[in-house]
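*Asks:* A single structure is presented below for examination.
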Amino acid sequence: MNSKNIYLLDSKMIKGGWVAPPNKQYSGKDFLNDEVFKDVSESGVNLLFCVIDIKKDYLGFVKFLDLCDKHHLYCIVPEEELKKDSFNLNAFKERIELYKKHKSVYGINLCDEPGYNKIEILSKNIEIIKGYVGDLKIYVNNMPMYALDAQIYGSLSPLAISGKTISIERYKDFIEKFYDSCDVDIVSYDFYPFRHEKGICDPRYFIELCMLKDIAVKHNKPLWNFTQVTSWSSGNIRNMTYSEIEWINNTSLACGVTGVQYFCYWTPVSKVENFSPAMIDKDGYKTKWYYFVKKANENLDRLFKYIKDADFMGTIAFGDTIVDFPLEKNLYSYGNLKNVYSEGTLVGCYKLNGKNMYLVVNTSVLETRTVELAFDKNINYMVVNGDSTINYSGDQAVLVIEEGKSLLLIEKD
């Protein structure tokens, strides 16, 4: 059930950062310099979402691309004219030629969180540009399941009932129609599950994650999720703890996600939303969330080198997973793994060269848990825990896992 994986050119996992270091026009100060981009590289973030308008600051835009090239970073650049009914194709082709001269340009972003009213326009424009983009990826990020009717349908639609969240059925119809119509290269969405109270998670988190994984498999595309870091509404959403960042990353991997995108790397500028400091605050200084994500990215890289070429087979959910995991998506057992015992865990099941791998996630963000895995026979296996690997044999494995974290168990000959 694995879907096409799109990795960076160095075969590393996508670890995106929205927003990228900005120019003076965006933030009031120019942050396009080597020191700032070296910090990006050291954080483990390797894909940046550019916020510079090429039409208003061409030199700044090129400088951004040059710095990404120099520091071995990749970027997705804005091409939001393509969400409009018409655009200047000749000007677009000129920009594409510029992008192709820079090894850092990974893709183009056509639109953020489109509704029904943009599907036909995006579909038409994608068909127009496909012959010009070459290897560049066409990217669109979609709304979460808790979007309002007015966001999905547009404010003038009779279905846009002010203040009401769209139903799961309507959301499913929208997301299926989007990917059936729009030939983008990546399935991406942003769902920020944690609310103001510690340990409280939106109950639709796993419903959407599994739904979007099914869409990715159907269309043979990779699935990228957003990892919540920053608050944009202090009365409802707060900045994440380290264990919550790990929880989102690890539950994403356990459900077949192949790329994460952090919200946010640089603290955004907005006249509408009230952003708390992100990994980098608005004045360019590192915050504690920079170090949280840096450590989380190191853990992702350790896991990814084992699972990047493996087939994702599905997910086992057991016990308290904070929010319910869809029953119809629960494998319950896989391979030689027949039973799981824990207060709460998620097991992402993978297969590589005939060997089974189990990514075992502690689904608590508040406490360390012990997870017991029971096999149907004696097996040889290796447990990957950070930089260490330990070999065992037997018909069970007892794993002690810190809150939000994961261990990888790999069956051996």
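The chains in the structure tokens are called A, B, ... from first to last as shown; in each chain the residues are counted from 1, and the ligands are counted from 1 in the order shown.
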Show me a table, sorted first by chain and then by increasing residue number, of the residues of stretch 173-227 of chain A having an atom at most 8 Å from stretch 128-152 of chain A, each with its shortest atom pair and the distance in Å to one decimal, counting only C-alpha atoms and written as a Markdown table.
*Replies:*
```
| residue | atom | partner | partner_atom | distance |
| --- | --- | --- | --- | --- |
| A:Phe174 | CA | A:Ile152 | CA | 7.8 |
| A:Val184 | CA | A:Ile138 | CA | 5.1 |
| A:Asp185 | CA | A:Ile138 | CA | 5.4 |
| A:Ile186 | CA | A:Tyr139 | CA | 6.1 |
| A:Val187 | CA | A:Asn141 | CA | 7.6 |
| A:Ser188 | CA | A:Asn141 | CA | 4.9 |
| A:Tyr189 | CA | A:Asn142 | CA | 4.5 |
| A:Asp190 | CA | A:Pro144 | CA | 5.6 |
| A:Phe191 | CA | A:Pro144 | CA | 5.1 |
| A:Arg204 | CA | A:Met145 | CA | 7.4 |
| A:Glu208 | CA | A:Met145 | CA | 6.7 |
```
*Asks:* Just list the residues in stretch 301-391 of chain A DSSP gives alpha helix (DSSP H) on the backbone, as a list in words.
*Replies:*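 Checking each residue of stretch 301-391 of chain A, the alpha helix (DSSP H) ones are Asp301, Arg302, Leu303, Phe304, Lys305, Tyr306 and Ile307 of chain A.
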*Asks:* Generate the output file for the selected residues, C-alpha atoms, as a short mmCIF file (atom, residue, chain, number, x, y, z; two decimals), in the first residue's frame.
*Replies:*
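The result, written out as again24.cif:
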```cif
data_model
loop_
_atom_site.label_atom_id
_atom_site.label_comp_id
_atom_site.auth_asym_id
_atom_site.auth_seq_id
_atom_site.Cartn_x
_atom_site.Cartn_y
_atom_site.Cartn_z
CA ASP A 301 16.83 11.23 10.38
CA ARG A 302 17.85 8.20 12.45
CA LEU A 303 14.54 6.49 11.76
CA PHE A 304 14.27 7.54 8.13
CA LYS A 305 17.49 5.85 7.03
CA TYR A 306 15.85 2.52 7.91
CA ILE A 307 12.33 3.08 6.59
#
```
*Asks:* For the atom pair atom CA of A:Tyr262 and atom CA of A:Val45, what is the interatomic distance in Å to one decimal place?
*Replies:*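 Computing it gives 8.4 Å between the two atoms.
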*Asks:* Report as a tab-separated table: every residue of stretch 185-269 of chain A with an atom at most 9 Å from stretch 361-384 of chain A, its closest pair of atoms, and their distance in Å to one decimal, counting only C-alpha atoms, with rows sorted by chain and ascending residue number.
*Replies:*
```
residue	atom	partner	partner_atom	distance
A:Lys198	CA	A:Leu366	CA	8.5
A:Gly199	CA	A:Val365	CA	6.4
A:Thr241	CA	A:Val365	CA	8.6
A:Tyr242	CA	A:Val365	CA	8.9
A:Ser243	CA	A:Val365	CA	5.4
A:Glu244	CA	A:Val365	CA	5.8
A:Glu246	CA	A:Val365	CA	8.6
A:Trp247	CA	A:Thr363	CA	6.8
A:Asn250	CA	A:Val361	CA	6.4
A:Thr251	CA	A:Val361	CA	6.8
A:Ala254	CA	A:Val361	CA	7.5
```
*Asks:* Can you pull out every residue from stretch 129-357 of chain A that DSSP, working from the backbone, puts in strand (DSSP E or B), and format the result as a count of residues only?
*Replies:* 55
*Asks:* Name the residues in contact with stretch 308-312 of chain A at a cut-off of 9 Å, using only C-alpha atoms, excluding same-chain residues fewer than 4 positions from it; report them as a ChimeraX atom specification.
*Replies:* /A:1-3,5,7,11-13,254-256,258,303-304,348-353,357
*Asks:* For A:Ser181, which residue among A:Asp214, A:Val62, A:Leu122, A:Glu169 is the nearest when counting only C-alpha atoms?
*Replies:*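 Going through A:Asp214, A:Val62, A:Leu122, A:Glu169 one by one, the smallest distance to A:Ser181 is for A:Leu122.
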*Asks:* Which residues, written as number ranges by chain, have at least one atom at most 12 Å from A:Lys63, with only C-alpha atoms counted and residues fewer than 5 positions away on the same chain left out?
*Replies:* A: 21-23, 30-34, 37, 50, 52, 54, 57-58, 68-70, 102, 104
*Asks:* Which residues come within 12 Å of A:Tyr153, counting only C-alpha atoms, excluding same-chain residues fewer than 6 positions away, as a PyMOL selection string?
*Replies:* chain A and resi 113-119+143+147+159-162+164-166+170-171+173-174
*Asks:* Generate the output file for the selected residues, all heavy atoms, as a compact mmCIF listing (two decimals), in the first residue's frame.
*Replies:*
```txt
# COMPACT_ATOMS: atom_id res chain seq x y z
N GLU A 113 -4.57 26.30 0.75
CA GLU A 113 -5.93 26.03 1.24
C GLU A 113 -7.03 26.48 0.28
O GLU A 113 -7.87 27.32 0.62
CB GLU A 113 -6.12 26.63 2.63
CG GLU A 113 -5.17 26.04 3.67
CD GLU A 113 -5.49 26.48 5.08
OE1 GLU A 113 -6.18 27.51 5.26
OE2 GLU A 113 -5.09 25.77 6.03
N PRO A 114 -7.04 25.96 -0.94
CA PRO A 114 -8.10 26.32 -1.87
C PRO A 114 -9.44 25.70 -1.47
O PRO A 114 -9.47 24.69 -0.77
CB PRO A 114 -7.62 25.72 -3.19
CG PRO A 114 -6.80 24.54 -2.77
CD PRO A 114 -6.12 24.95 -1.49
N GLY A 115 -10.53 26.30 -1.94
CA GLY A 115 -11.86 25.73 -1.78
C GLY A 115 -12.36 25.14 -3.08
O GLY A 115 -11.63 25.07 -4.07
N TYR A 116 -13.64 24.73 -3.08
CA TYR A 116 -14.23 24.20 -4.30
C TYR A 116 -14.08 25.15 -5.49
O TYR A 116 -13.89 24.72 -6.62
CB TYR A 116 -15.73 23.95 -4.07
CG TYR A 116 -16.07 22.60 -3.50
CD1 TYR A 116 -16.57 22.49 -2.21
CD2 TYR A 116 -15.95 21.44 -4.25
CE1 TYR A 116 -16.92 21.26 -1.68
CE2 TYR A 116 -16.29 20.20 -3.73
CZ TYR A 116 -16.78 20.11 -2.44
OH TYR A 116 -17.13 18.89 -1.92
N ASN A 117 -14.18 26.45 -5.20
CA ASN A 117 -14.17 27.44 -6.29
C ASN A 117 -12.84 27.53 -7.01
O ASN A 117 -12.74 28.15 -8.08
CB ASN A 117 -14.57 28.82 -5.76
CG ASN A 117 -13.61 29.34 -4.71
OD1 ASN A 117 -13.05 28.56 -3.93
ND2 ASN A 117 -13.40 30.64 -4.67
N LYS A 118 -11.78 26.91 -6.46
CA LYS A 118 -10.46 26.97 -7.10
C LYS A 118 -10.10 25.68 -7.83
O LYS A 118 -9.09 25.65 -8.56
CB LYS A 118 -9.39 27.27 -6.04
CG LYS A 118 -9.49 28.65 -5.40
CD LYS A 118 -9.28 29.75 -6.42
CE LYS A 118 -9.35 31.13 -5.78
NZ LYS A 118 -9.24 32.21 -6.79
N ILE A 119 -10.88 24.63 -7.64
CA ILE A 119 -10.49 23.34 -8.22
C ILE A 119 -10.42 23.40 -9.74
O ILE A 119 -9.43 22.98 -10.35
CB ILE A 119 -11.45 22.23 -7.75
CG1 ILE A 119 -11.24 21.94 -6.26
CG2 ILE A 119 -11.24 20.96 -8.57
CD1 ILE A 119 -12.17 20.89 -5.70
N MET A 143 -6.75 22.51 3.14
CA MET A 143 -7.34 22.83 4.44
C MET A 143 -7.54 21.58 5.29
O MET A 143 -7.66 20.48 4.77
CB MET A 143 -8.70 23.51 4.25
CG MET A 143 -8.62 24.97 3.91
SD MET A 143 -10.26 25.71 3.72
CE MET A 143 -10.55 25.45 1.97
N ALA A 147 -12.00 22.90 8.94
CA ALA A 147 -12.29 24.13 8.21
C ALA A 147 -13.78 24.45 8.26
O ALA A 147 -14.62 23.56 8.47
CB ALA A 147 -11.84 23.99 6.76
N LEU A 159 -24.24 27.07 0.77
CA LEU A 159 -23.77 26.05 1.71
C LEU A 159 -22.79 26.62 2.74
O LEU A 159 -22.41 25.94 3.68
CB LEU A 159 -23.11 24.90 0.95
CG LEU A 159 -24.05 24.01 0.14
CD1 LEU A 159 -23.23 23.09 -0.77
CD2 LEU A 159 -24.93 23.19 1.06
N ALA A 160 -22.37 27.87 2.52
CA ALA A 160 -21.42 28.49 3.44
C ALA A 160 -22.16 29.05 4.65
O ALA A 160 -22.58 30.20 4.68
CB ALA A 160 -20.65 29.60 2.73
N ILE A 161 -22.33 28.19 5.64
CA ILE A 161 -23.07 28.58 6.84
C ILE A 161 -22.07 29.14 7.84
O ILE A 161 -21.22 28.43 8.35
CB ILE A 161 -23.81 27.37 7.44
CG1 ILE A 161 -24.70 26.73 6.37
CG2 ILE A 161 -24.63 27.77 8.65
CD1 ILE A 161 -25.26 25.39 6.77
N SER A 162 -22.17 30.41 8.09
CA SER A 162 -21.18 31.11 8.90
C SER A 162 -20.99 30.43 10.26
O SER A 162 -21.96 30.15 10.96
CB SER A 162 -21.61 32.56 9.11
OG SER A 162 -20.68 33.23 9.92
N LYS A 164 -19.96 27.45 11.04
CA LYS A 164 -20.11 26.01 11.15
C LYS A 164 -18.93 25.30 10.51
O LYS A 164 -18.49 25.64 9.42
CB LYS A 164 -21.41 25.54 10.49
CG LYS A 164 -22.64 25.76 11.35
CD LYS A 164 -23.79 24.90 10.87
CE LYS A 164 -24.99 25.00 11.83
NZ LYS A 164 -26.09 24.12 11.41
N THR A 165 -18.43 24.26 11.20
CA THR A 165 -17.37 23.44 10.66
C THR A 165 -17.94 22.46 9.65
O THR A 165 -19.03 21.93 9.83
CB THR A 165 -16.69 22.65 11.81
OG1 THR A 165 -16.17 23.58 12.75
CG2 THR A 165 -15.56 21.77 11.29
N ILE A 166 -17.20 22.24 8.59
CA ILE A 166 -17.65 21.32 7.57
C ILE A 166 -17.77 19.90 8.14
O ILE A 166 -17.01 19.52 9.04
CB ILE A 166 -16.68 21.35 6.37
CG1 ILE A 166 -17.29 20.65 5.15
CG2 ILE A 166 -15.34 20.73 6.73
CD1 ILE A 166 -16.50 20.87 3.89
N ARG A 170 -18.64 15.94 3.90
CA ARG A 170 -18.41 17.00 2.92
C ARG A 170 -16.92 17.22 2.69
O ARG A 170 -16.48 17.48 1.57
CB ARG A 170 -19.07 18.30 3.37
CG ARG A 170 -20.58 18.31 3.21
CD ARG A 170 -21.13 19.67 3.58
NE ARG A 170 -22.58 19.71 3.49
CZ ARG A 170 -23.32 20.76 3.84
NH1 ARG A 170 -22.72 21.86 4.30
NH2 ARG A 170 -24.63 20.74 3.73
N TYR A 171 -16.15 17.13 3.76
CA TYR A 171 -14.71 17.29 3.60
C TYR A 171 -14.14 16.19 2.72
O TYR A 171 -13.32 16.45 1.83
CB TYR A 171 -14.01 17.28 4.97
CG TYR A 171 -12.52 17.47 4.85
CD1 TYR A 171 -11.96 18.74 4.70
CD2 TYR A 171 -11.67 16.36 4.84
CE1 TYR A 171 -10.59 18.91 4.56
CE2 TYR A 171 -10.30 16.52 4.70
CZ TYR A 171 -9.76 17.80 4.57
OH TYR A 171 -8.40 17.95 4.42
N ASP A 173 -15.65 14.51 0.41
CA ASP A 173 -16.05 14.79 -0.97
C ASP A 173 -15.14 15.83 -1.59
O ASP A 173 -14.70 15.70 -2.74
CB ASP A 173 -17.50 15.27 -1.00
CG ASP A 173 -17.94 15.68 -2.40
OD1 ASP A 173 -18.26 14.79 -3.20
OD2 ASP A 173 -17.96 16.90 -2.68
N PHE A 174 -14.85 16.90 -0.82
CA PHE A 174 -13.99 17.96 -1.34
C PHE A 174 -12.59 17.45 -1.63
O PHE A 174 -12.03 17.67 -2.71
CB PHE A 174 -13.91 19.12 -0.35
CG PHE A 174 -12.76 20.06 -0.61
CD1 PHE A 174 -12.80 20.94 -1.68
CD2 PHE A 174 -11.62 20.02 0.18
CE1 PHE A 174 -11.73 21.78 -1.95
CE2 PHE A 174 -10.54 20.86 -0.09
CZ PHE A 174 -10.61 21.74 -1.16
```
*Asks:* Calculated over only C-alpha atoms, which of the candidates A:Ser252, A:Asn356, A:Ser234, A:Asn125 has the smallest distance to A:Leu89?
*Replies:* A:Asn125
*Asks:* Do you have the atom CA of A:Met240-atom CA of A:Trp224 distance handy?
*Replies:*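 Computing the Euclidean distance for atom CA of A:Met240 and atom CA of A:Trp224 yields 19.4 Å.
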*Asks:* Could you check the closest approach to A:Thr321 for each of A:Glu273, A:Glu403, A:Asp395, A:Asp413 and tell me which residue wins, using only C-alpha atoms?
*Replies:*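 Among the listed residues, the smallest separation from A:Thr321 belongs to A:Glu403.
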*Asks:* Rank A:Tyr285, A:Lys213, A:Val360, A:Phe87 by their smallest atom-to-atom distance to A:Glu35, using only C-alpha atoms, and report the top residue only.
*Replies:*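 Result for the nearest residue to A:Glu35: A:Tyr285.
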